[in-house]
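Source file: start-v6.cif (mmCIF, C-alpha atoms and all ligand atoms)
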data_model
loop_
_atom_site.label_atom_id
_atom_site.label_comp_id
_atom_site.auth_asym_id
_atom_site.auth_seq_id
_atom_site.Cartn_x
_atom_site.Cartn_y
_atom_site.Cartn_z
CA MET N 751 32.21 9.11 -28.94
CA ALA N 752 28.66 8.10 -28.06
CA GLN N 753 27.80 4.43 -28.50
CA ARG N 754 25.74 4.03 -31.65
CA PRO N 755 23.45 1.10 -32.45
CA GLY N 756 24.83 -1.53 -34.80
CA PHE N 757 23.43 -2.73 -38.09
CA PRO N 758 20.82 -4.13 -38.77
CA ILE N 759 19.09 -1.17 -37.30
CA LYS N 760 15.65 -0.83 -35.86
CA PHE N 761 13.38 1.42 -37.88
CA SER N 762 11.40 4.08 -36.13
CA THR N 763 7.77 3.32 -36.82
CA GLN N 764 6.50 6.45 -38.52
CA GLU N 765 4.52 4.09 -40.64
CA LYS N 766 2.89 1.37 -38.55
CA ALA N 767 2.19 -2.02 -40.02
CA ALA N 768 -1.50 -2.56 -40.63
CA PRO N 769 -3.33 -4.92 -38.26
CA ALA N 770 -3.94 -8.31 -39.82
CA LYS N 771 -7.68 -7.77 -40.21
CA ALA N 772 -7.52 -4.27 -41.71
CA PRO N 773 -9.19 -4.02 -45.11
CA ALA N 774 -6.82 -3.31 -48.00
CA LYS N 775 -6.54 0.42 -48.56
CA LYS N 776 -7.33 1.90 -51.96
CA ALA N 777 -4.54 3.78 -53.71
CA SER N 778 -4.45 7.45 -52.79
CA PRO N 779 -1.71 10.08 -52.83
CA SER N 780 -0.81 9.16 -49.26
CA ASN N 781 -0.94 5.45 -50.01
CA PRO N 782 0.31 5.12 -53.54
CA GLN N 783 -0.31 2.00 -55.56
CA GLY N 784 2.68 -0.29 -55.69
CA LEU N 785 4.13 0.85 -52.37
CA GLY N 786 1.22 1.32 -50.03
CA LEU N 787 1.38 -0.33 -46.67
CA ASP N 788 4.73 -2.02 -47.05
CA SER N 789 6.79 0.91 -48.30
CA SER N 790 8.90 0.42 -45.18
CA ALA N 791 10.03 -2.95 -46.59
CA VAL N 792 10.98 -1.26 -49.87
CA ARG N 793 12.90 1.37 -47.91
CA GLN N 794 14.63 -1.28 -45.89
CA ARG N 795 15.88 -2.84 -49.14
CA MET N 796 17.12 0.59 -50.20
CA VAL N 797 18.97 0.91 -46.88
CA GLN N 798 20.53 -2.54 -47.36
CA LYS N 799 21.77 -1.42 -50.78
CA LEU N 800 23.20 1.76 -49.28
CA ALA N 801 25.01 -0.32 -46.66
CA ALA N 802 26.33 -2.62 -49.41
CA GLN N 803 27.62 0.48 -51.23
CA GLY N 804 29.68 1.30 -48.15
CA LEU N 805 27.49 3.69 -46.17
CA LYS N 806 27.79 2.76 -42.54
CA ASP N 807 26.71 5.45 -40.11
CA PRO N 808 23.75 3.84 -38.28
CA LEU N 809 22.20 7.26 -37.65
CA VAL N 810 22.18 7.99 -41.39
CA LEU N 811 20.93 4.53 -42.36
CA GLU N 812 18.16 4.79 -39.81
CA ALA N 813 17.13 8.22 -41.12
CA MET N 814 17.15 6.94 -44.72
CA GLY N 815 14.96 4.04 -43.61
CA ALA N 816 12.55 6.32 -41.80
CA VAL N 817 11.79 9.01 -44.39
CA GLU N 818 9.17 8.10 -46.96
CA ARG N 819 10.83 9.29 -50.17
CA HIS N 820 7.77 8.38 -52.23
CA ARG N 821 5.89 11.26 -50.61
CA PHE N 822 8.27 13.75 -52.25
CA VAL N 823 8.00 12.67 -55.88
CA GLU N 824 5.25 13.12 -58.49
CA SER N 825 2.65 10.35 -58.46
CA GLY N 826 3.89 9.03 -61.83
CA LEU N 827 7.37 8.47 -60.36
CA VAL N 828 6.37 6.83 -57.10
CA ASN N 829 7.52 3.41 -58.28
CA GLN N 830 11.03 4.76 -58.77
CA ALA N 831 11.14 6.54 -55.41
CA TYR N 832 13.43 3.97 -53.77
CA GLU N 833 15.72 3.36 -56.73
CA ASP N 834 19.16 4.90 -56.63
CA THR N 835 18.32 7.60 -59.09
CA SER N 836 17.78 11.33 -59.08
CA LEU N 837 14.25 12.36 -60.10
CA PRO N 838 12.68 15.56 -61.46
CA ILE N 839 10.82 17.68 -58.91
CA GLY N 840 9.68 20.49 -61.20
CA LEU N 841 11.13 23.86 -62.30
CA GLY N 842 14.10 22.06 -63.84
CA GLN N 843 15.39 20.79 -60.47
CA THR N 844 15.99 17.27 -59.19
CA ILE N 845 15.85 15.35 -55.93
CA SER N 846 19.31 13.81 -55.37
CA LYS N 847 19.96 10.07 -55.48
CA PRO N 848 19.50 8.36 -52.09
CA ASN N 849 23.16 7.34 -52.22
CA VAL N 850 24.30 10.94 -52.61
CA VAL N 851 21.99 12.21 -49.85
CA ALA N 852 23.24 9.51 -47.48
CA ARG N 853 26.89 10.06 -48.45
CA MET N 854 26.75 13.82 -47.86
CA ILE N 855 25.00 13.46 -44.52
CA GLU N 856 27.46 10.76 -43.47
CA LEU N 857 30.27 13.22 -44.24
CA LEU N 858 28.54 15.85 -42.10
CA LEU N 859 28.35 13.42 -39.19
CA GLU N 860 31.93 12.15 -39.50
CA GLY N 861 33.73 12.93 -36.29
CA ALA N 862 30.60 14.29 -34.57
CA SER N 863 29.52 12.52 -31.43
CA GLY N 864 25.94 11.56 -32.17
CA LYS N 865 23.42 14.04 -33.55
CA LEU N 866 24.39 17.41 -35.02
CA GLY N 867 23.21 20.73 -33.59
CA ARG N 868 21.89 23.38 -36.00
CA VAL N 869 22.26 22.55 -39.69
CA LEU N 870 21.82 24.85 -42.69
CA GLU N 871 20.72 23.31 -45.99
CA ILE N 872 20.96 25.30 -49.22
CA GLY N 873 18.44 24.13 -51.82
CA THR N 874 15.33 22.72 -50.12
CA GLY N 875 13.94 21.45 -53.43
CA CYS N 876 11.12 19.07 -52.61
CA GLY N 877 12.12 18.88 -48.93
CA TYR N 878 13.32 15.27 -48.91
CA GLN N 879 16.85 15.90 -47.71
CA ALA N 880 15.59 18.36 -45.09
CA ALA N 881 13.37 15.55 -43.74
CA VAL N 882 16.35 13.16 -43.58
CA LEU N 883 18.44 15.85 -41.87
CA SER N 884 15.72 16.38 -39.27
CA HIS N 885 16.53 12.88 -37.95
CA VAL N 886 20.22 13.60 -37.44
CA ALA N 887 20.20 17.24 -36.26
CA THR N 888 18.49 19.19 -33.53
CA GLU N 889 17.42 22.02 -35.88
CA VAL N 890 17.37 22.22 -39.68
CA TYR N 891 17.23 25.56 -41.53
CA SER N 892 16.60 24.97 -45.21
CA ILE N 893 16.62 27.72 -47.85
CA GLU N 894 15.17 27.59 -51.36
CA ARG N 895 15.38 30.37 -53.98
CA LEU N 896 12.43 29.19 -56.11
CA LYS N 897 9.10 30.11 -54.56
CA GLY N 898 7.31 27.24 -56.30
CA LEU N 899 9.63 24.65 -54.75
CA HIS N 900 9.66 26.35 -51.35
CA GLU N 901 5.88 25.98 -51.33
CA LYS N 902 6.02 22.42 -52.63
CA ALA N 903 8.42 21.46 -49.84
CA ARG N 904 6.12 23.07 -47.30
CA SER N 905 3.20 21.03 -48.53
CA ASN N 906 5.26 17.79 -48.80
CA LEU N 907 6.60 18.19 -45.28
CA ARG N 908 3.26 19.03 -43.65
CA HIS N 909 2.43 15.33 -43.33
CA PHE N 910 5.59 14.64 -41.31
CA ARG N 911 5.04 17.39 -38.70
CA LEU N 912 8.76 17.92 -38.21
CA ALA N 913 8.91 20.69 -35.64
CA ASN N 914 12.69 21.06 -36.05
CA VAL N 915 12.62 21.88 -39.79
CA HIS N 916 12.48 25.60 -40.67
CA LEU N 917 11.81 26.34 -44.33
CA LEU N 918 13.04 29.66 -45.64
CA PHE N 919 12.47 31.37 -48.98
CA GLY N 920 15.54 33.32 -50.06
CA ASP N 921 18.97 33.30 -51.65
CA GLY N 922 20.97 30.61 -49.92
CA MET N 923 24.23 32.09 -51.19
CA LEU N 924 23.80 34.57 -48.35
CA GLY N 925 23.29 31.77 -45.85
CA TYR N 926 20.91 32.50 -42.98
CA PRO N 927 22.75 34.59 -40.38
CA LYS N 928 19.91 34.37 -37.83
CA GLY N 929 20.53 30.66 -37.29
CA ALA N 930 24.35 30.92 -37.25
CA PRO N 931 26.72 29.51 -36.19
CA TYR N 932 25.93 26.13 -37.74
CA ALA N 933 27.37 22.79 -36.74
CA ALA N 934 27.02 21.80 -40.38
CA ILE N 935 26.18 23.35 -43.75
CA ILE N 936 25.12 21.26 -46.74
CA SER N 937 24.41 22.47 -50.25
CA ALA N 938 22.31 20.63 -52.81
CA ALA N 939 23.40 22.97 -55.59
CA GLY N 940 26.91 23.52 -56.97
CA GLY N 941 28.58 26.87 -57.53
CA GLU N 942 31.88 28.07 -58.97
CA THR N 943 33.20 28.86 -55.50
CA LEU N 944 32.02 28.51 -51.92
CA PRO N 945 30.14 31.65 -50.82
CA GLN N 946 31.96 33.53 -48.07
CA ALA N 947 28.70 33.71 -46.05
CA TRP N 948 28.74 29.93 -45.61
CA LEU N 949 32.30 29.96 -44.28
CA ASP N 950 31.44 32.84 -41.94
CA GLN N 951 28.30 31.15 -40.63
CA LEU N 952 29.96 27.79 -39.95
CA ALA N 953 30.78 27.19 -36.27
CA VAL N 954 34.36 26.50 -35.24
CA GLY N 955 34.43 22.69 -35.20
CA GLY N 956 31.71 22.65 -37.87
CA ARG N 957 31.77 21.08 -41.32
CA LEU N 958 30.54 22.20 -44.72
CA VAL N 959 29.78 19.75 -47.54
CA ALA N 960 28.99 21.19 -50.96
CA PRO N 961 29.42 20.40 -54.64
CA THR N 962 31.75 22.98 -56.20
CA VAL N 963 33.44 23.40 -59.57
CA THR N 964 37.13 22.47 -59.27
CA ALA N 965 40.23 23.40 -61.25
CA ASN N 966 39.43 20.93 -64.05
CA GLY N 967 36.03 22.58 -64.60
CA GLN N 968 34.09 19.62 -63.18
CA GLN N 969 31.98 19.48 -60.06
CA ALA N 970 33.30 17.61 -57.04
CA LEU N 971 32.19 17.24 -53.45
CA MET N 972 34.03 19.70 -51.27
CA VAL N 973 34.42 19.21 -47.54
CA VAL N 974 35.51 22.17 -45.42
CA ASP N 975 36.25 21.94 -41.71
CA LYS N 976 36.43 25.14 -39.70
CA THR N 977 39.00 24.85 -36.94
CA ASP N 978 40.38 27.43 -34.56
CA GLN N 979 43.46 27.47 -36.80
CA GLY N 980 41.46 28.20 -39.95
CA PHE N 981 39.82 26.18 -42.74
CA LYS N 982 40.81 22.69 -43.88
CA GLN N 983 39.51 21.76 -47.32
CA SER N 984 39.30 18.38 -49.06
CA VAL N 985 38.11 17.62 -52.57
CA LEU N 986 36.30 14.29 -52.86
CA GLU N 987 34.55 12.46 -55.72
CA ALA N 988 33.03 14.00 -58.87
CA VAL N 989 29.29 14.76 -58.62
CA HIS N 990 26.53 16.26 -60.78
CA PHE N 991 24.35 18.77 -59.00
CA VAL N 992 22.08 21.49 -60.37
CA PRO N 993 23.76 24.93 -60.43
CA LEU N 994 23.81 27.25 -57.45
CA LYS N 995 22.20 30.49 -58.60
CA SER N 996 21.96 33.85 -56.91
CA GLY N 997 18.78 35.80 -56.25
CA ILE N 998 15.23 34.54 -55.87
CA SER N 999 12.59 33.70 -58.42
N1 LIG N 1001 17.73 18.84 -51.26
C1 LIG N 1001 16.80 18.89 -52.37
C2 LIG N 1001 17.52 18.92 -53.69
C3 LIG N 1001 17.00 20.00 -54.57
S1 LIG N 1001 17.97 20.37 -55.99
C4 LIG N 1001 15.79 17.78 -52.28
O1 LIG N 1001 15.89 16.92 -51.39
O2 LIG N 1001 14.85 17.79 -53.08
C5 LIG N 1001 18.81 21.83 -55.48
C6 LIG N 1001 17.96 23.01 -55.17
O3 LIG N 1001 18.82 24.12 -54.91
C7 LIG N 1001 17.01 23.48 -56.30
O4 LIG N 1001 15.70 23.43 -55.83
C8 LIG N 1001 17.46 24.91 -56.59
O5 LIG N 1001 16.40 25.80 -56.87
C9 LIG N 1001 18.12 25.29 -55.26
N2 LIG N 1001 19.05 26.41 -55.31
C10 LIG N 1001 19.98 26.74 -56.24
N3 LIG N 1001 20.63 27.87 -55.89
C11 LIG N 1001 20.11 28.27 -54.68
C12 LIG N 1001 20.34 29.37 -53.81
N4 LIG N 1001 21.25 30.33 -54.08
N5 LIG N 1001 19.61 29.46 -52.67
C13 LIG N 1001 18.68 28.52 -52.38
N6 LIG N 1001 18.39 27.47 -53.17
C14 LIG N 1001 19.10 27.34 -54.31
#

Would it be possible to restate this file's structure as structure tokens?
Ligand code: SAH
Amino acid sequence: MAQRPGFPIKFSTQEKAAPAKAPAKKASPSNPQGLGLDSSAVRQRMVQKLAAQGLKDPLVLEAMGAVERHRFVESGLVNQAYEDTSLPIGLGQTISKPNVVARMIELLLEGASGKLGRVLEIGTGCGYQAAVLSHVATEVYSIERLKGLHEKARSNLRHFRLANVHLLFGDGMLGYPKGAPYAAIISAAGGETLPQAWLDQLAVGGRLVAPTVTANGQQALMVVDKTDQGFKQSVLEAVHFVPLKSGIS
């Protein structure tokens, strides 16, 4: 397994500290009041909390520290952007809690040596998780079934210029065969069962993490590993994701 950096980690400087003499910036959508120039310090506190909650993959913690979550939420919610809470993103959907995003990506990376190859995300939403994934994978294909959110994600992500994120508008229950096979598949919406297309499009040696309704009628995180002997499935903790729906709208 590749040597990974220890914790505390060094943050990549997407957001450079202002020079000492720079005049204070006025609040603007790109520099929201209350976070502004030191949002990286706020993010670092969020990362410390994630580590205290048991998240430990340095690659994941570094990605969580790098992506400016406040750029993905409505201006009225910016002050809650780094709290461990899910937030509304419009059209009845929500951006997942940082803890859940980090946990699912950590599961995807478990057993992988360093970065993942191609990853498929179902449910782009506001684009936040796709941005985090872009730090831990070579290519990210992210599908959203609601046109309004697909466009919102496109506009949110423009600022970051992530050349390895490919946003797709369509029904993610069908996967995205053109990008297959995937080293990892992650769903941000929970269905009654795992769509066959996802299992088909997963590479041998790949892993799928998705919320799915279990025998007791509740949603739980499901982890599926595709091996050359078949599929190995584990049911983990209970979760609360928005429903996986078919078709586009
Ligand atoms: N990862 C997102 C979370 C969005 S919530 C983020 O970081 O913001 C889950 C999203 O899944 C919703 O936007 C919902 O519209 C979408 N979704 C549900 N069923 C889907 C399907 N079949 N194909 C694609 N997207 C779907």

Checklist entry - So which residues touch Ala852 in chain N within 12 Å, counting all atoms listed in the file, skipping near sequence neighbours fewer than 5 positions away, as JSON, numbers by chain? => result {"N": [796, 797, 799, 800, 801, 803, 804, 805, 806, 807, 808, 809, 810, 811, 812, 813, 814, 815, 817, 834, 846, 847, 857, 858, 859, 878, 879, 880, 882, 883, 886, 936]}

Checklist entry - What do you get as a list of chain:residue names if you pick all residues at most 6 Å from ligand LIG 1001 (chain N), counting all atoms listed in the file? => result N:Gln843, N:Thr844, N:Ile845, N:Ser846, N:Ile872, N:Gly873, N:Thr874, N:Gly875, N:Cys876, N:Gly877, N:Tyr878, N:Gln879, N:Ile893, N:Glu894, N:Arg895, N:Leu896, N:Asp921, N:Gly922, N:Met923, N:Ala938, N:Ala939, N:Val992, N:Pro993, N:Leu994, N:Lys995, N:Ser996

Checklist entry - Hey, which of N:His990, N:Arg957, N:Arg795, N:His885 ends up closest to Lys865 in chain N? Count only C-alpha atoms. => result N:His885

Item to check | Shell of 8 Å around Thr962 in chain N, all atoms listed in the file, local chain residues under 4 positions omitted, as a list in words | outcome: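 In the requested form, the answer reads Gly940, Gly941, Glu942, Thr943, Leu944, Gln969, Ala970, Leu971 and Met972 of chain N.
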
Checklist entry - Of the candidates N:Val963, N:Leu899, N:Leu870, N:Val989, which shows the shortest atom-to-atom distance to Gly929 in chain N, using only C-alpha atoms? => result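 Of N:Val963, N:Leu899, N:Leu870, N:Val989, the one nearest Gly929 in chain N is N:Leu870, counting only C-alpha atoms.
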
Checklist entry - N:Ala881, N:Gly997, N:Arg853, N:Val823: which is nearest Arg908 in chain N, counting all atoms listed in the file? => result N:Ala881

Checklist entry - Could you state the separation of CA of Leu986 in chain N and CA of Thr888 in chain N in Å, given to one decimal place? => result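 Here the two named atoms are 26.7 Å from each other.
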
Next on the checklist: Please determine, counting all atoms listed in the file, which residue among N:Pro961, N:Gly956, N:Gly980, N:Pro927 has the shortest atom-to-atom distance to Ala862 in chain N.
Outcome noted: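 Of the candidates, the smallest distance to Ala862 in chain N is held by N:Gly956.
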
Next on the checklist: When you count all atoms listed in the file, which of these residues is closest to Gly920 in chain N: N:Ser892, N:Ser937, N:Ser984, N:Gln830?
Outcome noted: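 Among the listed residues, the smallest separation from Gly920 in chain N belongs to N:Ser892.
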
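When CA of Ala934 in chain N is paired with CA of Glu824 in chain N, their separation reads 29.6 Å.
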
Next on the checklist: Using Å and a single decimal, report how far CA of Phe822 in chain N sits from CA of Ser905 in chain N.
Outcome noted: 9.6 Å

Checklist entry - N:Gln798, N:Val915, N:Val869, N:Lys902: which is nearest Asn849 in chain N, counting only C-alpha atoms? => result N:Gln798
